[in-house]
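Participant: Structure incoming, see below.
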Amino acid sequence: MPSVEVEGRRIHWREQGSGAAMLLLHAFPLDSRMWQQQLDGLSDRYRVIAPDLSGFGASTVPADPAAYSVERWAEEARAVLDACGIERAIVGGCSMGGYVAFAFLRRWPERVAGLLLADTRAGADTPEARKGREQTQAEVRSQGKGPLVERMLGLLLSQRGQGDAALVQRVRALMDQREAGIVGGLEALKNRPDSADLLPGVRVPAVVVVGAEDAITPPALAEEMAAAIPGARLSVLPAAGHLANLEVPEAFDRALDFPQAPR
């Protein structure tokens, strides 16, 4: 995997295909491997670039939770584009990756040729959600990541997906991340800003995708985001949960129909 250094962090990424650049940002607590079917399936249309954000995958894992934020992850994404010689890209992400896409859009709107929001939300954490993340941080510190991984398997996949032993095994493997990264990732998630104010100002093609059975960011939230973005296209994918790109990859890929953007 190629890599670039960003303020002392070594950031690795996967890349495949040619054409308009598409930057895909992964969910929590996964890494760029979650996009492998898109790297394969979209490579005839796009130059797909999928980084491991710091704390996850092959990239640096800072020990201090204060080193994590959606803004720092956006800086890493920008550095990857720079290293690839890409000025503008379709920027998108799933769940946590969507939060990073919003941070990227806030800082560098001129570099966003299109916006993909998959199984994510624009709002910040509520006080109750922040408290829940803090409890999870304490759990991971005291008990390790095992309880979180098993709990999340029931939330990330649809009912059908939970019955697919191969898919469950794959998602469990994708969540095999270092505990310092999980704790740090939760720190970034609980402190992220509200991005709802960005939605009416989006002036590039936007696609909002959600699994019809997403229990974490349900279709109603996707509908609200799509309604707030001028000209956005909404795709609700049947038989899919929070990781729609993994459960129904062909349908997910078909939804990503963007006008050709500069390379």
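Each chain in the structure tokens gets a letter, A, B and so on, in the order shown; residues start at 1 in every chain, and ligands are counted from 1 in the order they appear.
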List the spatial neighbours of segment 155-163 of chain A as a PyMOL selection string - criterion: any atom at most 9 Å away, only C-alpha atoms, same-chain residues fewer than 5 positions off excluded.
Facilitator: chain A and resi 168+171+211-216+239-244+247
Participant: Output C-alpha atoms for every residue in the selection just made, as a PDB file, in the first residue's frame.
Facilitator:
ATOM      1  CA  VAL A 168     -20.437 -11.894   9.573  1.00  0.00           C
ATOM      2  CA  VAL A 171     -17.207  -7.820   9.162  1.00  0.00           C
ATOM      3  CA  GLY A 211     -29.680   0.619   3.682  1.00  0.00           C
ATOM      4  CA  ALA A 212     -33.417   0.175   4.125  1.00  0.00           C
ATOM      5  CA  GLU A 213     -32.725  -1.727   7.366  1.00  0.00           C
ATOM      6  CA  ASP A 214     -30.040   0.597   8.744  1.00  0.00           C
ATOM      7  CA  ALA A 215     -30.581   0.620  12.513  1.00  0.00           C
ATOM      8  CA  ILE A 216     -27.875   3.197  13.276  1.00  0.00           C
ATOM      9  CA  ALA A 239     -32.058  -5.888   2.191  1.00  0.00           C
ATOM     10  CA  ALA A 240     -29.183  -3.835   3.575  1.00  0.00           C
ATOM     11  CA  GLY A 241     -28.236  -2.440   6.953  1.00  0.00           C
ATOM     12  CA  HIS A 242     -25.609   0.097   8.016  1.00  0.00           C
ATOM     13  CA  LEU A 243     -22.898  -1.376   5.779  1.00  0.00           C
ATOM     14  CA  ALA A 244     -24.901  -1.284   2.566  1.00  0.00           C
ATOM     15  CA  GLU A 247     -24.319  -6.308   1.905  1.00  0.00           C
TER      16      GLU A 247
END
Participant: Name the residues in contact with Trp73 of chain A at a cut-off of 12 Å, using only C-alpha atoms, excluding same-chain residues fewer than 2 positions from it; report them as a PDB file with N, CA, C and O atoms, in the first residue's frame.
Facilitator:
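File written: result.pdb
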ATOM      1  N   VAL A   6       1.727  12.608   7.422  1.00  0.00           N
ATOM      2  CA  VAL A   6       0.938  13.802   7.739  1.00  0.00           C
ATOM      3  C   VAL A   6       1.151  14.142   9.206  1.00  0.00           C
ATOM      4  O   VAL A   6       0.636  13.446  10.092  1.00  0.00           O
ATOM      5  N   GLU A   7       1.924  15.164   9.471  1.00  0.00           N
ATOM      6  CA  GLU A   7       2.170  15.618  10.849  1.00  0.00           C
ATOM      7  C   GLU A   7       2.560  14.452  11.760  1.00  0.00           C
ATOM      8  O   GLU A   7       2.004  14.283  12.852  1.00  0.00           O
ATOM      9  N   ARG A   9       2.107  11.286  11.276  1.00  0.00           N
ATOM     10  CA  ARG A   9       1.296  10.077  11.110  1.00  0.00           C
ATOM     11  C   ARG A   9       1.518   9.513   9.707  1.00  0.00           C
ATOM     12  O   ARG A   9       1.483  10.268   8.727  1.00  0.00           O
ATOM     13  N   ARG A  10       1.743   8.236   9.610  1.00  0.00           N
ATOM     14  CA  ARG A  10       1.904   7.569   8.322  1.00  0.00           C
ATOM     15  C   ARG A  10       0.548   7.030   7.886  1.00  0.00           C
ATOM     16  O   ARG A  10      -0.055   6.195   8.559  1.00  0.00           O
ATOM     17  N   ILE A  11       0.046   7.546   6.757  1.00  0.00           N
ATOM     18  CA  ILE A  11      -1.289   7.207   6.274  1.00  0.00           C
ATOM     19  C   ILE A  11      -1.168   6.376   5.005  1.00  0.00           C
ATOM     20  O   ILE A  11      -0.562   6.808   4.020  1.00  0.00           O
ATOM     21  N   LEU A  25     -14.093   7.015   2.270  1.00  0.00           N
ATOM     22  CA  LEU A  25     -13.645   7.079   3.664  1.00  0.00           C
ATOM     23  C   LEU A  25     -14.447   6.072   4.488  1.00  0.00           C
ATOM     24  O   LEU A  25     -15.674   6.040   4.425  1.00  0.00           O
ATOM     25  N   HIS A  26     -13.731   5.273   5.259  1.00  0.00           N
ATOM     26  CA  HIS A  26     -14.332   4.108   5.882  1.00  0.00           C
ATOM     27  C   HIS A  26     -15.118   4.423   7.154  1.00  0.00           C
ATOM     28  O   HIS A  26     -15.002   5.485   7.756  1.00  0.00           O
ATOM     29  N   PRO A  51      -8.325   5.484   1.821  1.00  0.00           N
ATOM     30  CA  PRO A  51      -7.290   5.507   2.855  1.00  0.00           C
ATOM     31  C   PRO A  51      -7.707   4.804   4.140  1.00  0.00           C
ATOM     32  O   PRO A  51      -8.892   4.664   4.442  1.00  0.00           O
ATOM     33  N   ASP A  52      -6.689   4.336   4.871  1.00  0.00           N
ATOM     34  CA  ASP A  52      -6.865   3.953   6.269  1.00  0.00           C
ATOM     35  C   ASP A  52      -6.651   5.215   7.096  1.00  0.00           C
ATOM     36  O   ASP A  52      -5.528   5.736   7.145  1.00  0.00           O
ATOM     37  N   LEU A  53      -7.684   5.728   7.723  1.00  0.00           N
ATOM     38  CA  LEU A  53      -7.534   6.900   8.571  1.00  0.00           C
ATOM     39  C   LEU A  53      -6.702   6.531   9.796  1.00  0.00           C
ATOM     40  O   LEU A  53      -6.681   5.374  10.220  1.00  0.00           O
ATOM     41  N   SER A  54      -6.000   7.497  10.361  1.00  0.00           N
ATOM     42  CA  SER A  54      -5.133   7.201  11.503  1.00  0.00           C
ATOM     43  C   SER A  54      -5.940   6.542  12.620  1.00  0.00           C
ATOM     44  O   SER A  54      -7.076   6.913  12.902  1.00  0.00           O
ATOM     45  N   GLY A  55      -5.313   5.524  13.216  1.00  0.00           N
ATOM     46  CA  GLY A  55      -5.988   4.733  14.228  1.00  0.00           C
ATOM     47  C   GLY A  55      -6.512   3.414  13.711  1.00  0.00           C
ATOM     48  O   GLY A  55      -6.891   2.545  14.510  1.00  0.00           O
ATOM     49  N   PHE A  56      -6.517   3.244  12.374  1.00  0.00           N
ATOM     50  CA  PHE A  56      -7.159   2.081  11.777  1.00  0.00           C
ATOM     51  C   PHE A  56      -6.305   1.487  10.662  1.00  0.00           C
ATOM     52  O   PHE A  56      -5.511   2.181  10.022  1.00  0.00           O
ATOM     53  N   SER A  59      -2.431   2.287   9.001  1.00  0.00           N
ATOM     54  CA  SER A  59      -1.942   3.628   9.322  1.00  0.00           C
ATOM     55  C   SER A  59      -1.542   3.755  10.787  1.00  0.00           C
ATOM     56  O   SER A  59      -1.857   2.894  11.612  1.00  0.00           O
ATOM     57  N   THR A  60      -0.849   4.846  11.091  1.00  0.00           N
ATOM     58  CA  THR A  60      -0.378   5.100  12.455  1.00  0.00           C
ATOM     59  C   THR A  60      -1.543   5.120  13.435  1.00  0.00           C
ATOM     60  O   THR A  60      -2.625   5.641  13.140  1.00  0.00           O
ATOM     61  N   ALA A  67      -5.479  13.044  20.098  1.00  0.00           N
ATOM     62  CA  ALA A  67      -4.888  13.182  18.767  1.00  0.00           C
ATOM     63  C   ALA A  67      -5.880  12.869  17.652  1.00  0.00           C
ATOM     64  O   ALA A  67      -5.536  12.975  16.471  1.00  0.00           O
ATOM     65  N   TYR A  68      -7.100  12.489  18.010  1.00  0.00           N
ATOM     66  CA  TYR A  68      -8.096  12.081  17.019  1.00  0.00           C
ATOM     67  C   TYR A  68      -9.176  13.147  16.859  1.00  0.00           C
ATOM     68  O   TYR A  68      -9.708  13.661  17.841  1.00  0.00           O
ATOM     69  N   SER A  69      -9.510  13.443  15.623  1.00  0.00           N
ATOM     70  CA  SER A  69     -10.644  14.334  15.327  1.00  0.00           C
ATOM     71  C   SER A  69     -11.014  14.154  13.867  1.00  0.00           C
ATOM     72  O   SER A  69     -10.195  13.718  13.042  1.00  0.00           O
ATOM     73  N   VAL A  70     -12.243  14.510  13.531  1.00  0.00           N
ATOM     74  CA  VAL A  70     -12.650  14.430  12.123  1.00  0.00           C
ATOM     75  C   VAL A  70     -11.861  15.420  11.288  1.00  0.00           C
ATOM     76  O   VAL A  70     -11.603  15.179  10.097  1.00  0.00           O
ATOM     77  N   GLU A  71     -11.449  16.533  11.882  1.00  0.00           N
ATOM     78  CA  GLU A  71     -10.650  17.517  11.150  1.00  0.00           C
ATOM     79  C   GLU A  71      -9.278  16.952  10.798  1.00  0.00           C
ATOM     80  O   GLU A  71      -8.782  17.150   9.683  1.00  0.00           O
ATOM     81  N   GLU A  75      -7.636  16.208   7.091  1.00  0.00           N
ATOM     82  CA  GLU A  75      -6.298  16.603   6.646  1.00  0.00           C
ATOM     83  C   GLU A  75      -5.560  15.419   6.034  1.00  0.00           C
ATOM     84  O   GLU A  75      -4.834  15.568   5.035  1.00  0.00           O
ATOM     85  N   GLU A  76      -5.738  14.249   6.617  1.00  0.00           N
ATOM     86  CA  GLU A  76      -5.104  13.055   6.067  1.00  0.00           C
ATOM     87  C   GLU A  76      -5.666  12.746   4.680  1.00  0.00           C
ATOM     88  O   GLU A  76      -4.917  12.390   3.757  1.00  0.00           O
ATOM     89  N   ALA A  77      -6.969  12.876   4.531  1.00  0.00           N
ATOM     90  CA  ALA A  77      -7.591  12.631   3.230  1.00  0.00           C
ATOM     91  C   ALA A  77      -7.066  13.608   2.187  1.00  0.00           C
ATOM     92  O   ALA A  77      -6.777  13.221   1.044  1.00  0.00           O
ATOM     93  N   ARG A  78      -6.936  14.870   2.566  1.00  0.00           N
ATOM     94  CA  ARG A  78      -6.397  15.870   1.635  1.00  0.00           C
ATOM     95  C   ARG A  78      -4.960  15.525   1.240  1.00  0.00           C
ATOM     96  O   ARG A  78      -4.579  15.623   0.071  1.00  0.00           O
ATOM     97  N   ALA A  79      -4.161  15.096   2.226  1.00  0.00           N
ATOM     98  CA  ALA A  79      -2.767  14.748   1.945  1.00  0.00           C
ATOM     99  C   ALA A  79      -2.676  13.561   0.994  1.00  0.00           C
ATOM    100  O   ALA A  79      -1.774  13.505   0.143  1.00  0.00           O
ATOM    101  N   VAL A  80      -3.577  12.609   1.119  1.00  0.00           N
ATOM    102  CA  VAL A  80      -3.595  11.474   0.199  1.00  0.00           C
ATOM    103  C   VAL A  80      -3.903  11.949  -1.218  1.00  0.00           C
ATOM    104  O   VAL A  80      -3.248  11.535  -2.187  1.00  0.00           O
ATOM    105  N   GLY A  93     -18.143   8.948   2.087  1.00  0.00           N
ATOM    106  CA  GLY A  93     -17.820   8.043   3.167  1.00  0.00           C
ATOM    107  C   GLY A  93     -19.053   7.388   3.723  1.00  0.00           C
ATOM    108  O   GLY A  93     -20.181   7.842   3.505  1.00  0.00           O
ATOM    109  N   MET A  96     -18.886   6.981   9.907  1.00  0.00           N
ATOM    110  CA  MET A  96     -17.794   7.862  10.326  1.00  0.00           C
ATOM    111  C   MET A  96     -17.144   8.533   9.130  1.00  0.00           C
ATOM    112  O   MET A  96     -16.774   9.716   9.178  1.00  0.00           O
ATOM    113  N   GLY A  97     -16.996   7.801   8.037  1.00  0.00           N
ATOM    114  CA  GLY A  97     -16.412   8.379   6.838  1.00  0.00           C
ATOM    115  C   GLY A  97     -17.217   9.553   6.300  1.00  0.00           C
ATOM    116  O   GLY A  97     -16.665  10.491   5.733  1.00  0.00           O
ATOM    117  N   GLY A  98     -18.544   9.510   6.502  1.00  0.00           N
ATOM    118  CA  GLY A  98     -19.367  10.644   6.117  1.00  0.00           C
ATOM    119  C   GLY A  98     -19.070  11.873   6.956  1.00  0.00           C
ATOM    120  O   GLY A  98     -19.059  13.002   6.445  1.00  0.00           O
ATOM    121  N   TYR A  99     -18.796  11.660   8.245  1.00  0.00           N
ATOM    122  CA  TYR A  99     -18.438  12.793   9.102  1.00  0.00           C
ATOM    123  C   TYR A  99     -17.136  13.428   8.630  1.00  0.00           C
ATOM    124  O   TYR A  99     -16.979  14.658   8.670  1.00  0.00           O
ATOM    125  N   VAL A 100     -16.204  12.588   8.186  1.00  0.00           N
ATOM    126  CA  VAL A 100     -14.932  13.107   7.675  1.00  0.00           C
ATOM    127  C   VAL A 100     -15.157  13.834   6.346  1.00  0.00           C
ATOM    128  O   VAL A 100     -14.539  14.868   6.078  1.00  0.00           O
ATOM    129  N   ALA A 101     -16.060  13.313   5.520  1.00  0.00           N
ATOM    130  CA  ALA A 101     -16.390  13.992   4.266  1.00  0.00           C
ATOM    131  C   ALA A 101     -16.948  15.387   4.536  1.00  0.00           C
ATOM    132  O   ALA A 101     -16.617  16.358   3.834  1.00  0.00           O
ATOM    133  N   PHE A 102     -17.780  15.518   5.551  1.00  0.00           N
ATOM    134  CA  PHE A 102     -18.292  16.845   5.917  1.00  0.00           C
ATOM    135  C   PHE A 102     -17.152  17.762   6.363  1.00  0.00           C
ATOM    136  O   PHE A 102     -17.118  18.950   5.996  1.00  0.00           O
ATOM    137  N   ALA A 103     -16.214  17.246   7.154  1.00  0.00           N
ATOM    138  CA  ALA A 103     -15.079  18.057   7.596  1.00  0.00           C
ATOM    139  C   ALA A 103     -14.237  18.489   6.408  1.00  0.00           C
ATOM    140  O   ALA A 103     -13.737  19.633   6.359  1.00  0.00           O
ATOM    141  N   PHE A 104     -14.070  17.591   5.437  1.00  0.00           N
ATOM    142  CA  PHE A 104     -13.328  17.931   4.219  1.00  0.00           C
ATOM    143  C   PHE A 104     -14.059  19.027   3.446  1.00  0.00           C
ATOM    144  O   PHE A 104     -13.455  20.017   2.996  1.00  0.00           O
ATOM    145  N   ARG A 107     -13.695  22.563   4.908  1.00  0.00           N
ATOM    146  CA  ARG A 107     -12.391  23.211   4.790  1.00  0.00           C
ATOM    147  C   ARG A 107     -11.964  23.418   3.342  1.00  0.00           C
ATOM    148  O   ARG A 107     -11.303  24.412   3.038  1.00  0.00           O
ATOM    149  N   GLY A 184      -9.610   6.153  20.473  1.00  0.00           N
ATOM    150  CA  GLY A 184      -9.398   7.456  19.843  1.00  0.00           C
ATOM    151  C   GLY A 184     -10.478   7.793  18.837  1.00  0.00           C
ATOM    152  O   GLY A 184     -10.917   8.950  18.746  1.00  0.00           O
ATOM    153  N   GLY A 185     -10.912   6.786  18.081  1.00  0.00           N
ATOM    154  CA  GLY A 185     -11.989   7.029  17.132  1.00  0.00           C
ATOM    155  C   GLY A 185     -13.261   7.478  17.816  1.00  0.00           C
ATOM    156  O   GLY A 185     -13.959   8.398  17.347  1.00  0.00           O
ATOM    157  N   ALA A 188     -13.041  11.123  18.642  1.00  0.00           N
ATOM    158  CA  ALA A 188     -13.330  11.990  17.494  1.00  0.00           C
ATOM    159  C   ALA A 188     -14.824  12.034  17.196  1.00  0.00           C
ATOM    160  O   ALA A 188     -15.387  13.101  16.899  1.00  0.00           O
ATOM    161  N   LEU A 189     -15.476  10.900  17.282  1.00  0.00           N
ATOM    162  CA  LEU A 189     -16.903  10.856  16.957  1.00  0.00           C
ATOM    163  C   LEU A 189     -17.727  11.678  17.940  1.00  0.00           C
ATOM    164  O   LEU A 189     -18.637  12.412  17.534  1.00  0.00           O
ATOM    165  N   ARG A 192     -17.296  15.551  17.272  1.00  0.00           N
ATOM    166  CA  ARG A 192     -17.445  16.119  15.928  1.00  0.00           C
ATOM    167  C   ARG A 192     -18.495  17.232  15.929  1.00  0.00           C
ATOM    168  O   ARG A 192     -19.460  17.197  16.709  1.00  0.00           O
TER     169      ARG A 192
END
Participant: Which of these, A:Ala166, A:Val140, A:Val204, A:Leu221, has the shortest distance to Ala89 of chain A once you count only C-alpha atoms?
Facilitator: A:Val204
Participant: Here is a test: counting only C-alpha atoms, which residue of A:Ala173, A:Met22, A:Val209, A:Ala165 is nearest to Val112 of chain A?
Facilitator: A:Met22
Participant: From a DSSP calculation on the backbone, collect every residue of segment 15-243 of chain A in strand (DSSP E) and output the set as a compact mmCIF listing (two decimals) with N, CA and C atoms, in the first residue's frame.
Facilitator:
# COMPACT_ATOMS: atom_id res chain seq x y z
N GLU A 15 -5.72 1.88 -3.86
CA GLU A 15 -6.07 2.62 -5.07
C GLU A 15 -6.26 1.66 -6.22
N GLN A 16 -7.27 1.93 -7.04
CA GLN A 16 -7.55 1.07 -8.18
C GLN A 16 -8.37 1.83 -9.20
N ALA A 20 -12.40 9.62 -13.33
CA ALA A 20 -12.63 10.62 -12.29
C ALA A 20 -12.27 10.07 -10.93
N ALA A 21 -11.63 10.88 -10.11
CA ALA A 21 -11.17 10.42 -8.79
C ALA A 21 -12.34 10.33 -7.81
N MET A 22 -12.37 9.24 -7.06
CA MET A 22 -13.38 9.05 -6.01
C MET A 22 -12.65 8.64 -4.74
N LEU A 23 -12.77 9.46 -3.71
CA LEU A 23 -12.15 9.21 -2.41
C LEU A 23 -13.20 8.62 -1.48
N LEU A 24 -12.97 7.40 -0.99
CA LEU A 24 -13.92 6.71 -0.13
C LEU A 24 -13.34 6.57 1.27
N LEU A 25 -14.09 7.01 2.27
CA LEU A 25 -13.65 7.08 3.66
C LEU A 25 -14.45 6.07 4.49
N TYR A 46 -14.08 4.86 -12.26
CA TYR A 46 -13.45 5.84 -11.39
C TYR A 46 -12.05 5.39 -10.97
N ARG A 47 -11.23 6.36 -10.63
CA ARG A 47 -9.99 6.09 -9.93
C ARG A 47 -10.34 6.12 -8.44
N VAL A 48 -10.50 4.96 -7.85
CA VAL A 48 -11.00 4.85 -6.48
C VAL A 48 -9.83 4.83 -5.52
N ILE A 49 -9.88 5.70 -4.51
CA ILE A 49 -8.82 5.83 -3.52
C ILE A 49 -9.46 5.69 -2.15
N ALA A 50 -8.95 4.75 -1.35
CA ALA A 50 -9.54 4.45 -0.04
C ALA A 50 -8.45 4.44 1.01
N PRO A 51 -8.33 5.48 1.82
CA PRO A 51 -7.29 5.51 2.85
C PRO A 51 -7.71 4.80 4.14
N ALA A 89 -11.93 15.74 -6.34
CA ALA A 89 -12.41 14.36 -6.31
C ALA A 89 -13.84 14.32 -5.82
N ILE A 90 -14.54 13.26 -6.19
CA ILE A 90 -15.78 12.92 -5.51
C ILE A 90 -15.38 12.44 -4.12
N VAL A 91 -15.90 13.07 -3.10
CA VAL A 91 -15.52 12.74 -1.72
C VAL A 91 -16.72 12.11 -1.04
N GLY A 92 -16.50 10.95 -0.46
CA GLY A 92 -17.62 10.28 0.19
C GLY A 92 -17.18 9.36 1.29
N GLY A 93 -18.14 8.95 2.09
CA GLY A 93 -17.82 8.04 3.17
C GLY A 93 -19.05 7.39 3.72
N CYS A 94 -18.80 6.31 4.44
CA CYS A 94 -19.85 5.57 5.13
C CYS A 94 -19.76 5.85 6.62
N VAL A 112 -13.92 19.49 -3.85
CA VAL A 112 -14.98 18.48 -3.87
C VAL A 112 -15.74 18.58 -5.18
N ALA A 113 -15.62 17.55 -6.02
CA ALA A 113 -16.32 17.52 -7.30
C ALA A 113 -17.67 16.84 -7.20
N GLY A 114 -17.88 16.09 -6.15
CA GLY A 114 -19.14 15.41 -5.90
C GLY A 114 -19.12 14.93 -4.46
N LEU A 115 -20.30 14.64 -3.92
CA LEU A 115 -20.41 14.27 -2.51
C LEU A 115 -21.22 13.00 -2.38
N LEU A 116 -20.65 12.01 -1.70
CA LEU A 116 -21.35 10.75 -1.41
C LEU A 116 -21.52 10.62 0.09
N LEU A 117 -22.75 10.46 0.54
CA LEU A 117 -23.06 10.27 1.95
C LEU A 117 -23.77 8.94 2.11
N ALA A 118 -23.07 7.95 2.65
CA ALA A 118 -23.61 6.60 2.75
C ALA A 118 -23.83 6.22 4.21
N ALA A 206 -24.63 15.39 -5.58
CA ALA A 206 -24.62 14.68 -4.30
C ALA A 206 -25.51 13.45 -4.38
N VAL A 207 -24.99 12.36 -3.82
CA VAL A 207 -25.74 11.10 -3.74
C VAL A 207 -25.79 10.68 -2.28
N VAL A 208 -26.99 10.40 -1.81
CA VAL A 208 -27.20 9.92 -0.44
C VAL A 208 -27.70 8.48 -0.55
N VAL A 209 -26.98 7.56 0.08
CA VAL A 209 -27.31 6.14 0.00
C VAL A 209 -27.53 5.62 1.42
N VAL A 210 -28.53 4.78 1.59
CA VAL A 210 -28.80 4.20 2.91
C VAL A 210 -29.41 2.82 2.75
N GLY A 211 -29.03 1.92 3.64
CA GLY A 211 -29.68 0.62 3.68
C GLY A 211 -31.07 0.74 4.26
N ARG A 233 -29.59 13.18 -4.94
CA ARG A 233 -30.31 11.97 -5.30
C ARG A 233 -30.23 10.98 -4.14
N LEU A 234 -31.36 10.44 -3.74
CA LEU A 234 -31.44 9.49 -2.63
C LEU A 234 -31.66 8.09 -3.16
N SER A 235 -30.87 7.14 -2.64
CA SER A 235 -31.07 5.73 -2.97
C SER A 235 -31.22 4.95 -1.67
N VAL A 236 -32.38 4.33 -1.47
CA VAL A 236 -32.63 3.46 -0.33
C VAL A 236 -32.51 2.02 -0.83
N LEU A 237 -31.55 1.29 -0.28
CA LEU A 237 -31.22 -0.03 -0.81
C LEU A 237 -31.88 -1.13 0.02
Participant: Among segment 11-164 of chain A, which residues does DSSP mark as helix (DSSP H, G or I) when it is run on the backbone? Keep the chain and numbering as in the structure and answer as an MDAnalysis selection string.
Facilitator: chainID A and resid 32:41 65:67 70:83 96:107 109:111 127:143 146:156 159:162
Participant: Mind giving me the straight-line distance from atom CA of Gly123 of chain A to atom CA of Asp197 of chain A in Å, one decimal?
Facilitator: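 One can read the atom CA of Gly123 of chain A to atom CA of Asp197 of chain A distance as 9.2 Å.
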Participant: Check the smallest atom-to-atom distance from each of A:Trp13, A:Phe252, A:Phe28, A:Trp108 to Glu187 of chain A using only C-alpha atoms, then report the winner.
Facilitator: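 That would be A:Phe28, the residue with the smallest distance to Glu187 of chain A.
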Participant: Which residue gives the smallest distance to Glu134 of chain A among A:Ile182, A:Val61, A:Leu39, A:Ala122, with only C-alpha atoms counted?
Facilitator: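 For Glu134 of chain A, the nearest of the candidates is A:Ile182.
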Participant: Within 8 Å of Gln38 of chain A, counting only C-alpha atoms, which residues qualify if same-chain residues fewer than 6 places away don't, as a VMD selection string?
Facilitator: chain A and resid 48 245 249 253
Participant: Under the rule that only C-alpha atoms are counted, which of A:Gly8, A:Ala227, A:Ser195, A:Ala58 is the nearest residue to Arg72 of chain A?
Facilitator: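 Among the listed residues, A:Gly8 lies closest to Arg72 of chain A.
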Participant: Could you pull the residues within 6 Å of Ser95 of chain A, counting only C-alpha atoms, minus those fewer than 4 positions along the same chain, as a PyMOL selection string?
Facilitator: chain A and resi 27+119-120
Participant: Now that the selection is made, can you save its residues with N, CA and C atoms as a short mmCIF file (atom, residue, chain, number, x, y, z; two decimals), in the first residue's frame?
Facilitator:
data_model
loop_
_atom_site.label_atom_id
_atom_site.label_comp_id
_atom_site.auth_asym_id
_atom_site.auth_seq_id
_atom_site.Cartn_x
_atom_site.Cartn_y
_atom_site.Cartn_z
N ALA A 27 -15.90 3.43 7.58
CA ALA A 27 -16.73 3.51 8.77
C ALA A 27 -15.92 3.14 10.01
N ASP A 119 -25.06 5.92 4.57
CA ASP A 119 -25.38 5.44 5.91
C ASP A 119 -24.69 6.30 6.97
N THR A 120 -25.00 7.59 6.93
CA THR A 120 -24.38 8.55 7.84
C THR A 120 -25.41 9.58 8.25
#
